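**Q** Before we start, here is the structure in question, set down as structure tokens.
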Amino acid sequence: MRSMICEEIEMIRRGLSTSDLLDYYPETAEFISPYTLKVGDKIIKSDKIFLCTGSKPAIPPIKGLDIGYITSDDVIHMHKLPESIIIVGGVYIAAEYGHFFSAMGSKVTIVGRNPQFLPREEPEVSNLAKRELSKYMDIMVNKEVLELKKKDSRKQVIARDRETDDIIKVEGEEVLIAAGRASNSDILHPERAGIETDEKGWIKVNEYLETNQPGVWAFGDADGKYLFKHVANYESTIVYYNAILGKKVKVDYHAIPSAVFTYPEIASVGLREKGAIEKYGIEGVDIGFYKYENTAKGEAIGAKGYFVKIIFESRTNRILGAHIIGPWASILIQEIIDLMYTEDRHPYPIYNGMHIHPSMSGVVERAFYSIMPVHEYHELLSEEGLEYTISI
């Protein structure tokens, strides 16, 4: 069971479709009772079971989906580039595929429901990303998609502006639904095994990644916490320590990194500014900030407007979070991630270590030397045209 399900999730991550999985595994495992699974005609029993069932594209209840659409799982099977594509969704999946299709030559329109493009990122990062990506695609925010229709040989997306109630119609050759991910646990029927799931079907686990049934463990996308491959890798290590070695290692999510692979690239880790202020108060938070273009390397490559933002607890100077937008963001942030996994999470190693000149890592170093109170940071953002209101 462990081998089959873990191979299945790896196939899903490689982009293979449900039909491919059925070809590879013509029979699907499902629980029939606690600690008992059925696979075809075989009954498998075990007192130790690992669930890493992955996730699937989330499909919102939009009228007219029967006209046909694709998901992020289907893209890898495409053999023809659409002349134009409408992407429903405004999170990282939509941004990354929008970047890809635009770079390949398609006319791209992103229709997002949230008022903020890339809502999980800092507002100033999202604002800059939208401004830059809009140079080669159309990005609509705060739009509720109501219906898909056929119009001659093309497809039409009908949406409502959530602020004005105006109806917007967009036409394209193809429609990609990129509205997030959903649980895959329904294929297992965990309820038959007495395994608890939340209201969205994600498998509930404790701080050791064990379900409510002793000896049954869930990790990766199965638990629905952080749907990233690197988190699944980390969680698998925790499960190994606890389930195999018999230890009691708690899972620690204080510094989960993520990246959006567009141009510009985006990376983040830890708290956002709003969360830090809610926890420590506005006087208890400082911001480190530096622009790519103010370094020798940034100037040499013409990196205009991009920046590094680091969030500190004022009293201890502990690193609470970091957010980068610009070339190599996912690489540059690793230096900060590693510091956040030290005992005191302090920037001493940055201050004491040498950074090669001229290298792009210098922008991270200088952000640590350019620390200011929150109100000064927002004055600076205003000068950059990226100001936003903090609502606590």
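Chains: A, B, ... in order of the structure tokens. Residues: from 1 per chain. Ligands: from 1, in order shown.
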Name all residues at most 7 Å from segment 42-53 of chain A (count only C-alpha atoms; drop same-chain ones fewer than 2 positions away) and give them as a ChimeraX atom specification.

**A** /A:2,5-6,9,35-40,55,184-185,215-222

**Q** With only C-alpha atoms counted and 12 Å as the cut-off, give the residues of segment 98-162 of chain A in contact with segment 273-281 of chain A, each with its shortest interatomic distance in Å and the pair that gives it, as a tab-separated table.

**A**
```
residue	atom	partner	partner_atom	distance
A:Arg120	CA	A:Lys274	CA	11.7
A:Glu121	CA	A:Glu273	CA	10.2
A:Glu122	CA	A:Glu273	CA	7.5
A:Pro123	CA	A:Glu273	CA	9.6
A:Glu124	CA	A:Glu273	CA	10.7
A:Val125	CA	A:Glu273	CA	11.7
```

**Q** Those same residues - N, CA and C atoms - I'd like them written as a compact mmCIF listing (two decimals), in the first residue's frame.

**A**
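Below is the file that was written, part.txt:
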```
# COMPACT_ATOMS: atom_id res chain seq x y z
N ARG A 120 -1.64 35.54 -1.80
CA ARG A 120 -0.83 35.03 -0.69
C ARG A 120 0.50 35.77 -0.55
N GLU A 121 0.77 36.68 -1.47
CA GLU A 121 2.02 37.45 -1.40
C GLU A 121 1.76 38.81 -0.74
N GLU A 122 2.84 39.47 -0.35
CA GLU A 122 2.72 40.82 0.18
C GLU A 122 2.06 41.72 -0.86
N PRO A 123 1.19 42.67 -0.46
CA PRO A 123 0.52 43.51 -1.44
C PRO A 123 1.46 44.25 -2.39
N GLU A 124 2.58 44.78 -1.86
CA GLU A 124 3.49 45.51 -2.74
C GLU A 124 4.19 44.58 -3.74
N VAL A 125 4.42 43.33 -3.33
CA VAL A 125 4.98 42.34 -4.25
C VAL A 125 3.97 42.01 -5.34
```

**Q** What's around Asp252 of chain A at 12 Å? Count only C-alpha atoms, leave out sequence neighbours fewer than 4 positions away in its own chain, and write the answer as an NGL selection string.

**A** :A and (206-209 or 225-226 or 231 or 234-235 or 237-238 or 256 or 270 or 340-341)

**Q** Between A:Pro327, A:Val170, A:Glu191, A:Asn114, which has the minimum distance to Phe261 of chain A (counting only C-alpha atoms)?

**A** A:Pro327

**Q** What residues in segment 241-311 of chain A get the DSSP label alpha helix (DSSP H)? Please answer as a count of residues only.

**A** 14

**Q** Do you have the atom CA of Arg366 of chain A-atom CA of Ala255 of chain A distance handy?

**A** 21.5 Å

**Q** Pick out the closest residue to Gly112 of chain A from this set: A:Lys200, A:Lys149, A:His323, A:Arg160. Count only C-alpha atoms.

**A**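 Under the stated criterion, the closest residue is A:Arg160.
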